[in-house]
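**Student:** Got upload17.cif for you, mmCIF, C-alpha atoms:
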```cif
data_input
loop_
_atom_site.label_atom_id
_atom_site.label_comp_id
_atom_site.auth_asym_id
_atom_site.auth_seq_id
_atom_site.Cartn_x
_atom_site.Cartn_y
_atom_site.Cartn_z
CA MET A 755 99.06 -21.46 -13.03
CA ALA A 756 96.58 -24.35 -13.21
CA ASP A 757 95.76 -26.20 -10.01
CA THR A 758 96.75 -29.84 -9.65
CA ILE A 759 93.84 -32.11 -10.57
CA ASP A 760 92.32 -33.80 -7.53
CA ASN A 761 92.84 -37.50 -6.86
CA VAL A 762 89.33 -38.63 -7.77
CA ALA A 763 88.11 -41.69 -9.63
CA ARG A 764 87.42 -40.74 -13.23
CA GLY A 765 85.91 -42.28 -16.31
CA VAL A 766 84.25 -40.94 -19.44
CA ARG A 767 82.25 -43.83 -20.92
CA PRO A 768 78.74 -44.37 -19.53
CA GLY A 769 78.08 -47.87 -18.27
CA LEU A 770 81.72 -48.63 -17.46
CA PRO A 771 83.23 -48.37 -13.96
CA LYS A 772 85.46 -45.41 -13.27
CA ARG A 773 89.20 -45.95 -13.00
CA PRO A 774 90.26 -46.16 -9.36
CA ALA A 775 91.89 -43.24 -7.58
CA LEU A 776 95.53 -43.59 -6.57
CA GLU A 777 96.35 -44.83 -3.09
CA GLY A 778 97.31 -42.15 -0.60
CA ASP A 779 101.08 -42.65 -0.57
CA ALA A 780 101.28 -42.98 -4.34
CA TRP A 781 99.12 -39.88 -4.82
CA ALA A 782 101.28 -37.79 -2.46
CA SER A 783 104.38 -38.71 -4.45
CA VAL A 784 102.70 -38.04 -7.80
CA ARG A 785 101.29 -34.73 -6.62
CA ALA A 786 104.73 -33.56 -5.47
CA GLU A 787 106.20 -34.33 -8.89
CA GLN A 788 103.26 -32.66 -10.64
CA GLU A 789 103.78 -29.50 -8.64
CA LYS A 790 107.43 -29.32 -9.74
CA THR A 791 106.42 -29.24 -13.40
CA LEU A 792 104.06 -26.30 -12.93
CA VAL A 793 106.92 -23.79 -12.75
CA ARG A 794 108.39 -24.94 -16.05
CA GLU A 795 107.51 -23.19 -19.29
CA LEU A 796 106.00 -24.40 -22.54
CA VAL A 797 107.85 -22.97 -25.53
CA ARG A 798 106.59 -22.68 -29.09
CA PHE A 799 108.26 -21.51 -32.28
CA SER A 800 105.64 -20.90 -34.99
CA PHE A 801 106.90 -20.10 -38.48
CA HIS A 802 104.41 -18.41 -40.82
CA LYS A 803 104.24 -17.94 -44.58
CA VAL A 804 101.89 -15.52 -46.37
CA ASP A 805 100.08 -16.50 -49.56
CA PRO A 806 101.32 -14.33 -52.48
CA ALA A 807 97.64 -13.55 -53.20
CA TRP A 808 97.62 -11.41 -50.05
CA ARG A 809 100.19 -9.05 -51.56
CA ARG A 810 97.84 -8.34 -54.45
CA LEU A 811 95.16 -7.00 -52.13
CA PRO A 812 94.66 -3.20 -52.00
CA THR A 813 97.16 -1.38 -49.79
CA GLY A 814 94.49 -0.18 -47.38
CA GLU A 815 93.09 -3.66 -46.88
CA ARG A 816 96.55 -5.10 -46.18
CA HIS A 817 97.18 -2.31 -43.70
CA GLU A 818 93.98 -3.22 -41.81
CA HIS A 819 95.00 -6.87 -41.75
CA LYS A 820 98.42 -6.03 -40.34
CA GLU A 821 97.00 -3.73 -37.69
CA GLU A 822 94.58 -6.42 -36.54
CA PHE A 823 97.33 -9.03 -36.44
CA ALA A 824 99.74 -6.74 -34.58
CA GLY A 825 97.01 -6.07 -32.05
CA ILE A 826 96.60 -9.80 -31.45
CA VAL A 827 100.34 -10.24 -30.87
CA GLN A 828 100.52 -7.23 -28.57
CA ARG A 829 97.51 -8.36 -26.57
CA TRP A 830 98.85 -11.87 -26.01
CA GLY A 831 102.29 -10.43 -25.33
CA GLN A 832 100.85 -8.99 -22.13
CA LYS A 833 100.00 -12.51 -20.92
CA MET A 834 103.10 -14.45 -21.92
CA MET A 835 106.55 -14.08 -23.45
CA LEU A 836 106.03 -13.33 -27.14
CA TYR A 837 108.71 -12.04 -29.52
CA SER A 838 108.49 -11.59 -33.28
CA TYR A 839 111.19 -12.26 -35.89
CA SER A 840 111.45 -11.78 -39.63
CA LEU A 841 112.78 -14.46 -41.97
CA VAL A 842 112.44 -12.31 -45.09
CA GLY A 843 115.83 -12.59 -46.77
CA SER A 844 116.91 -15.77 -44.96
CA ARG A 845 114.34 -18.47 -45.81
CA GLY A 846 112.09 -19.02 -48.80
CA ASP A 847 109.45 -21.06 -46.99
CA CYS A 848 108.83 -18.74 -44.00
CA ASP A 849 108.19 -15.01 -43.65
CA PHE A 850 108.08 -14.47 -39.88
CA MET A 851 108.25 -16.36 -36.61
CA LEU A 852 106.64 -15.94 -33.20
CA TRP A 853 108.69 -17.15 -30.20
CA GLN A 854 106.37 -17.93 -27.31
CA ALA A 855 106.89 -19.07 -23.71
CA THR A 856 104.31 -19.56 -20.97
CA ARG A 857 103.37 -21.85 -18.10
CA ASP A 858 99.79 -22.06 -19.36
CA PHE A 859 99.08 -24.14 -22.47
CA GLU A 860 95.83 -22.25 -22.96
CA HIS A 861 97.88 -19.17 -23.86
CA LEU A 862 99.45 -21.02 -26.80
CA HIS A 863 96.06 -22.32 -27.85
CA GLY A 864 94.39 -18.91 -27.52
CA LEU A 865 97.03 -17.10 -29.56
CA ALA A 866 96.89 -19.71 -32.33
CA ALA A 867 93.09 -19.55 -32.40
CA ASP A 868 93.13 -15.75 -32.66
CA VAL A 869 95.69 -15.92 -35.48
CA ASN A 870 93.52 -18.44 -37.31
CA GLY A 871 90.49 -16.19 -36.94
CA SER A 872 92.20 -13.02 -38.17
CA ALA A 873 91.92 -11.59 -41.67
CA LEU A 874 95.64 -12.07 -42.27
CA GLY A 875 95.41 -15.57 -40.83
CA ALA A 876 93.22 -16.58 -43.77
CA TYR A 877 96.27 -16.05 -45.99
CA LEU A 878 98.84 -17.71 -43.71
CA THR A 879 100.28 -21.20 -43.69
CA MET A 880 102.60 -22.63 -41.04
CA PRO A 881 105.37 -24.60 -42.78
CA HIS A 882 107.11 -25.31 -39.48
CA ALA A 883 106.12 -25.24 -35.81
CA TYR A 884 107.93 -26.67 -32.81
CA LEU A 885 106.60 -27.31 -29.32
CA ALA A 886 108.97 -27.83 -26.39
CA MET A 887 109.30 -27.32 -22.65
CA THR A 888 111.95 -26.08 -20.27
CA ARG A 889 113.51 -28.31 -17.64
CA GLN A 890 116.78 -28.66 -15.79
CA SER A 891 119.51 -30.38 -17.74
CA ILE A 892 120.71 -33.73 -16.45
CA TYR A 893 124.26 -32.61 -17.30
CA LEU A 894 126.33 -30.42 -15.05
CA ASN A 895 127.36 -27.10 -16.60
CA ARG A 896 130.24 -26.00 -14.39
CA TYR A 897 130.59 -22.63 -16.09
CA GLU A 898 126.92 -21.76 -15.63
CA ALA A 899 126.83 -22.90 -12.02
CA GLU A 900 129.88 -20.80 -11.15
CA TYR A 901 128.46 -17.70 -12.84
CA LEU A 902 125.04 -18.00 -11.23
CA ARG A 903 126.48 -18.64 -7.78
CA LYS A 904 128.36 -15.36 -8.02
CA TYR A 905 125.52 -13.22 -9.30
CA ALA A 906 122.25 -14.89 -8.40
CA GLY A 907 122.00 -17.39 -5.56
CA LYS A 908 120.52 -20.89 -5.35
CA GLU A 909 116.88 -19.95 -5.89
CA ASN A 910 117.66 -17.87 -8.96
CA ILE A 911 119.87 -20.64 -10.32
CA GLU A 912 116.93 -23.04 -10.32
CA ARG A 913 114.60 -20.43 -11.83
CA ALA A 914 117.11 -19.48 -14.54
CA ARG A 915 117.32 -23.07 -15.71
CA ILE A 916 113.59 -23.44 -16.29
CA ALA A 917 112.66 -19.99 -17.62
CA ILE A 918 113.24 -18.53 -21.06
CA ASN A 919 115.12 -15.26 -20.58
CA PRO A 920 116.19 -13.80 -23.96
CA GLN A 921 119.16 -11.46 -23.99
CA GLY A 922 117.64 -9.40 -26.80
CA SER A 923 120.14 -10.16 -29.55
CA ARG A 924 119.73 -9.09 -33.16
CA TYR A 925 119.51 -12.67 -34.44
CA LEU A 926 117.94 -15.91 -33.29
CA PHE A 927 119.11 -19.22 -34.79
CA VAL A 928 116.63 -22.06 -34.30
CA TYR A 929 116.70 -25.74 -35.20
CA PRO A 930 115.22 -29.05 -33.97
CA PHE A 931 117.66 -31.61 -32.63
CA VAL A 932 117.60 -35.40 -32.27
CA LYS A 933 120.26 -37.66 -30.74
CA THR A 934 121.04 -41.19 -31.95
CA ARG A 935 119.86 -44.19 -29.93
CA ALA A 936 123.51 -45.07 -29.36
CA TRP A 937 123.87 -41.90 -27.26
CA TYR A 938 121.32 -43.17 -24.75
CA GLU A 939 123.07 -46.54 -24.51
CA LEU A 940 126.16 -44.85 -23.06
CA ALA A 941 126.68 -44.57 -19.32
CA HIS A 942 125.76 -41.19 -17.84
CA GLU A 943 129.38 -40.59 -16.83
CA GLU A 944 130.52 -41.10 -20.42
CA ARG A 945 127.88 -38.70 -21.74
CA GLN A 946 128.85 -36.12 -19.08
CA ARG A 947 132.49 -36.41 -20.16
CA MET A 948 131.56 -35.58 -23.76
CA MET A 949 129.19 -32.83 -22.67
CA ASP A 950 132.01 -31.27 -20.63
CA GLU A 951 133.94 -30.80 -23.89
CA HIS A 952 130.82 -29.59 -25.69
CA ILE A 953 130.08 -27.04 -22.95
CA ARG A 954 133.72 -25.90 -22.80
CA VAL A 955 133.72 -25.15 -26.52
CA GLY A 956 130.45 -23.24 -26.24
CA HIS A 957 131.87 -21.22 -23.35
CA GLU A 958 134.48 -19.81 -25.75
CA TRP A 959 131.64 -17.89 -27.45
CA PRO A 960 130.15 -16.07 -24.42
CA ASP A 961 128.28 -13.60 -26.65
CA VAL A 962 126.23 -16.43 -28.19
CA LYS A 963 123.48 -17.44 -25.77
CA LEU A 964 121.92 -20.90 -25.97
CA ASN A 965 118.30 -21.60 -25.05
CA THR A 966 117.70 -25.37 -24.91
CA THR A 967 114.17 -26.74 -24.67
CA TYR A 968 112.91 -30.33 -24.55
CA SER A 969 110.32 -32.02 -26.78
CA TYR A 970 110.40 -35.69 -25.75
CA GLY A 971 106.98 -37.12 -26.56
CA ILE A 972 105.24 -33.77 -27.12
CA ASP A 973 106.61 -33.13 -30.64
CA ASP A 974 108.62 -34.93 -33.31
CA GLN A 975 112.10 -33.83 -32.17
CA GLU A 976 113.87 -34.35 -28.84
CA PHE A 977 115.11 -30.78 -28.40
CA VAL A 978 114.66 -27.35 -29.91
CA VAL A 979 117.72 -25.14 -29.59
CA ALA A 980 117.66 -21.38 -30.06
CA PHE A 981 120.94 -19.44 -30.12
CA GLU A 982 120.96 -15.66 -29.71
CA ALA A 983 123.77 -13.58 -31.22
CA ASP A 984 124.39 -10.11 -32.63
CA TYR A 985 126.70 -11.35 -35.39
CA VAL A 986 125.84 -14.15 -37.81
CA GLY A 987 129.51 -15.07 -38.21
CA ARG A 988 129.93 -15.71 -34.49
CA PHE A 989 127.17 -18.32 -34.55
CA LEU A 990 128.53 -19.94 -37.72
CA ASP A 991 132.01 -20.25 -36.20
CA LEU A 992 130.58 -21.70 -32.98
CA LEU A 993 128.65 -24.38 -34.87
CA MET A 994 131.74 -25.29 -36.88
CA ALA A 995 133.68 -25.74 -33.62
CA LEU A 996 130.89 -27.82 -32.07
CA ARG A 997 130.94 -30.15 -35.08
CA LEU A 998 134.47 -31.17 -34.07
CA THR A 999 133.46 -32.30 -30.57
CA GLU A 1000 133.05 -35.97 -29.76
CA ALA A 1001 129.38 -35.55 -28.79
CA SER A 1002 128.60 -34.36 -32.30
CA ARG A 1003 129.08 -37.94 -33.55
CA TYR A 1004 125.79 -38.81 -31.84
CA THR A 1005 123.66 -36.24 -33.69
CA LEU A 1006 120.94 -37.87 -35.78
CA ARG A 1007 119.17 -34.74 -37.04
CA ASP A 1008 119.62 -30.98 -36.60
CA THR A 1009 117.69 -29.49 -39.53
CA PRO A 1010 115.90 -27.46 -40.76
CA ALA A 1011 117.82 -24.43 -39.55
CA PHE A 1012 116.31 -20.95 -39.29
CA THR A 1013 118.08 -17.58 -39.19
CA CYS A 1014 115.61 -15.13 -37.66
CA VAL A 1015 116.02 -11.35 -37.41
CA ALA A 1016 114.50 -9.69 -34.34
CA LYS A 1017 111.82 -7.20 -35.43
CA PRO A 1018 108.85 -5.52 -33.75
CA ILE A 1019 105.69 -7.13 -35.07
CA HIS A 1020 104.78 -4.09 -37.21
CA ASP A 1021 108.19 -4.21 -38.91
CA ALA A 1022 108.01 -7.97 -39.41
CA LEU A 1023 104.60 -7.61 -41.07
CA ASP A 1024 105.68 -4.65 -43.23
CA ALA A 1025 108.48 -6.84 -44.59
CA ILE A 1026 105.99 -9.32 -46.07
CA GLY A 1027 104.18 -6.69 -48.14
#
```
Using the file provided, produce a representation of the structure as structure tokens.

**Tutor:**
Amino acid sequence: MADTIDNVARGVRPGLPKRPALEGDAWASVRAEQEKTLVRELVRFSFHKVDPAWRRLPTGERHEHKEEFAGIVQRWGQKMMLYSYSLVGSRGDCDFMLWQATRDFEHLHGLAADVNGSALGAYLTMPHAYLAMTRQSIYLNRYEAEYLRKYAGKENIERARIAINPQGSRYLFVYPFVKTRAWYELAHEERQRMMDEHIRVGHEWPDVKLNTTYSYGIDDQEFVVAFEADYVGRFLDLLMALRLTEASRYTLRDTPAFTCVAKPIHDALDAIG
């Protein structure tokens, strides 16, 4: 975890005065809020596509490329959450996806740099990539609170809301999500009322786990949602039911949508050739 940057006057252009440091009371308040964000996690979904030219390489050379790439994933997987998924058979523009979560942005940067520098990386494009962050929802989830009170306790409740904790399902369904401006013009109580219905409907599919992450200002979308399920039909039926809720009227964008199959990295790479 990175340390909070000290309250010192800073500037980067020679010949110009440095910007003033914050006053003591203001800095104490800012520092307290900064410290709260340090326990939250950055989340990245990187979708990769292999150039067809790679498949025409000799078998032995492709095997070496895959072994090097798998080693990179396994090495970074010891430093942060890192799961691999195959999209072979579900999408035409992506072959595999890496789901990443960490408190340290340098982990995301380091993994991406190592992928770029790999032999297989020279043949990869990234048609889609989403960056988000965990945080506590501003909406009360009565079902979740009741469950966590019974089985976890207050400290674990707070931790569970800001940490990605996959349940290890066979499938992961991912899409970016943007609300309309009209949604934010509503009073919080009105939005909570609609979210109560939305949450109640979702609770009727307890085997489909939702992971919601936030992208305000750090990527193009407002949210990235990732649903875990062992049966594709269960997720499809849930989404059809959610379309009928009142809150759904305030959805501006929720595509593209990705159906990802959980695979060890070696299996995901073998599926591309």

**Student:** Produce a table with one row for each residue of region 786-807 of chain A that has an atom at most 12 Å from any atom of region 927-951 of chain A, each row naming the nearest atom pair and its distance in Å at one decimal; use only C-alpha atoms; arrange rows by chain and rising residue number; format as a Markdown table.

**Tutor:**
```
| residue | atom | partner | partner_atom | distance |
| --- | --- | --- | --- | --- |
| A:Arg798 | CA | A:Val928 | CA | 11.3 |
| A:Phe799 | CA | A:Val928 | CA | 8.6 |
| A:Ser800 | CA | A:Val928 | CA | 11.1 |
| A:Phe801 | CA | A:Val928 | CA | 10.8 |
```

**Student:** Could you list, as a short mmCIF file (atom, residue, chain, number, x, y, z; two decimals) with C-alpha atoms, in the frame of the given file, every residue within 7 Å of region 772-785 of chain A, counting only C-alpha atoms and ignoring same-chain residues fewer than 3 positions away?

**Tutor:**
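Full text of out_2.cif as output:
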```
data_model
loop_
_atom_site.label_atom_id
_atom_site.label_comp_id
_atom_site.auth_asym_id
_atom_site.auth_seq_id
_atom_site.Cartn_x
_atom_site.Cartn_y
_atom_site.Cartn_z
CA ASN A 761 92.84 -37.50 -6.86
CA VAL A 762 89.33 -38.63 -7.77
CA ALA A 763 88.11 -41.69 -9.63
CA ARG A 764 87.42 -40.74 -13.23
CA GLY A 765 85.91 -42.28 -16.31
CA GLN A 788 103.26 -32.66 -10.64
CA GLU A 789 103.78 -29.50 -8.64
#
```

**Student:** Applied to this file, what does the PyMOL selection byres ((chain A and resi 1017) around 12) return in terms of residues, put as a ChimeraX atom specification?

**Tutor:** /A:836-842,849-853,922-926,1014-1016,1018-1025

**Student:** Just the residues within 10 Å of Asp847 (chain A), please, counting only C-alpha atoms, with nothing from its chain fewer than 4 positions along; format it as a list of chain:residue names.

**Tutor:** A:Phe801, A:His802, A:Lys803, A:Val804, A:Leu841, A:Val842, A:Thr879, A:Met880, A:Pro881, A:His882

**Student:** If the PyMOL selection byres ((chain A and resi 916) around 10) is run on the structure shown, which residues does it catch, given as a CSV table (one decimal) with C-alpha atoms, keeping the file's coordinate frame?

**Tutor:**
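Dumped to part-v1.csv:
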```csv
chain,number,residue,atom,x,y,z
A,791,THR,CA,106.4,-29.2,-13.4
A,793,VAL,CA,106.9,-23.8,-12.8
A,794,ARG,CA,108.4,-24.9,-16.0
A,795,GLU,CA,107.5,-23.2,-19.3
A,796,LEU,CA,106.0,-24.4,-22.5
A,887,MET,CA,109.3,-27.3,-22.6
A,888,THR,CA,112.0,-26.1,-20.3
A,889,ARG,CA,113.5,-28.3,-17.6
A,890,GLN,CA,116.8,-28.7,-15.8
A,891,SER,CA,119.5,-30.4,-17.7
A,911,ILE,CA,119.9,-20.6,-10.3
A,912,GLU,CA,116.9,-23.0,-10.3
A,913,ARG,CA,114.6,-20.4,-11.8
A,914,ALA,CA,117.1,-19.5,-14.5
A,915,ARG,CA,117.3,-23.1,-15.7
A,917,ALA,CA,112.7,-20.0,-17.6
A,918,ILE,CA,113.2,-18.5,-21.1
A,919,ASN,CA,115.1,-15.3,-20.6
A,966,THR,CA,117.7,-25.4,-24.9
A,967,THR,CA,114.2,-26.7,-24.7
```

**Student:** Would you mind reading off the distance between CA of Ala995 (chain A) and CA of Val955 (chain A), one decimal, in Å?

**Tutor:** 7.1 Å

**Student:** What residues come out when you apply the PyMOL selection byres ((chain A and resi 885) around 7) to this file, written as a list in words?

**Tutor:** Val797, Arg798, Phe799, Ala883, Tyr884, Ala886, Ser969, Ile972 and Asp973 of chain A

**Student:** Kindly indicate which residue among A:Met835, A:Ala876, A:Ala855, A:Cys848 lies nearest to Trp808 (chain A), using all atoms listed in the file for the distances.

**Tutor:** A:Ala876

**Student:** Within 12 Å of Glu821 (chain A), counting all atoms listed in the file, which residues show up once you throw out same-chain ones fewer than 2 positions away? Write them as an mmCIF file with C-alpha atoms, in the coordinates of the input, please.

**Tutor:**
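What follows is the written file around27.cif:
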```
data_model
loop_
_atom_site.group_PDB
_atom_site.id
_atom_site.type_symbol
_atom_site.label_atom_id
_atom_site.label_comp_id
_atom_site.auth_asym_id
_atom_site.auth_seq_id
_atom_site.Cartn_x
_atom_site.Cartn_y
_atom_site.Cartn_z
ATOM 1 C CA GLY A 814 94.490 -0.180 -47.380
ATOM 2 C CA GLU A 815 93.090 -3.660 -46.880
ATOM 3 C CA ARG A 816 96.550 -5.100 -46.180
ATOM 4 C CA HIS A 817 97.180 -2.310 -43.700
ATOM 5 C CA GLU A 818 93.980 -3.220 -41.810
ATOM 6 C CA HIS A 819 95.000 -6.870 -41.750
ATOM 7 C CA PHE A 823 97.330 -9.030 -36.440
ATOM 8 C CA ALA A 824 99.740 -6.740 -34.580
ATOM 9 C CA GLY A 825 97.010 -6.070 -32.050
ATOM 10 C CA ILE A 826 96.600 -9.800 -31.450
ATOM 11 C CA VAL A 827 100.340 -10.240 -30.870
ATOM 12 C CA GLN A 828 100.520 -7.230 -28.570
ATOM 13 C CA SER A 872 92.200 -13.020 -38.170
ATOM 14 C CA ALA A 873 91.920 -11.590 -41.670
ATOM 15 C CA LEU A 874 95.640 -12.070 -42.270
ATOM 16 C CA ILE A 1019 105.690 -7.130 -35.070
ATOM 17 C CA HIS A 1020 104.780 -4.090 -37.210
ATOM 18 C CA ASP A 1021 108.190 -4.210 -38.910
ATOM 19 C CA ALA A 1022 108.010 -7.970 -39.410
ATOM 20 C CA LEU A 1023 104.600 -7.610 -41.070
ATOM 21 C CA ASP A 1024 105.680 -4.650 -43.230
#
```

**Student:** Using CA of Asp984 (chain A) and CA of Leu996 (chain A) as the two end points, give the distance in Å to one decimal.

**Tutor:**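 About the pair CA of Asp984 (chain A) and CA of Leu996 (chain A): they are 18.9 Å apart.
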
**Student:** Given 3 Å of margin on each side, can you work out the centre and size in Å (one decimal) of an axis-aligned box holding every listed atom of region 784-801 of chain A, as JSON?

**Tutor:**
```
{"center_x": 104.8, "center_y": -29.1, "center_z": -22.0, "size_x": 13.1, "size_y": 23.9, "size_z": 39.0}
```

**Student:** Let me make sure I understand: among A:Val979, A:Leu862, A:Leu993, A:Ala807, which one has the smallest atom-to-atom distance to Gly831 (chain A) if we use all atoms listed in the file?

**Tutor:** A:Leu862

**Student:** His861 (chain A): which residues within 10 Å, counting all atoms listed in the file, same-chain residues fewer than 4 positions away excluded, as a list in words?

**Tutor:**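 Here the answer would be Leu796, Trp830, Gly831, Lys833, Met834, Gln854, Ala855, Thr856, Arg857, Leu865, Ala866 and Ala867 of chain A.
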
**Student:** Would you work out the distance separating CA of Phe989 (chain A) from CA of His952 (chain A), expressed in Å to one decimal?

**Tutor:** 14.8 Å

**Student:** Using only C-alpha atoms, pick whichever of A:Glu976, A:Gly987, A:Val766, A:Asp868 has the shortest atom-to-atom distance to Thr1013 (chain A).

**Tutor:**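 Distance minimum relative to Thr1013 (chain A) lands on A:Gly987.
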
**Student:** Which one of A:Arg809, A:Arg1007, A:Arg954, A:Arg997 sits closest to Asp974 (chain A) if you count only C-alpha atoms?

**Tutor:**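 Checking each candidate against Asp974 (chain A), we get A:Arg1007 as the closest.
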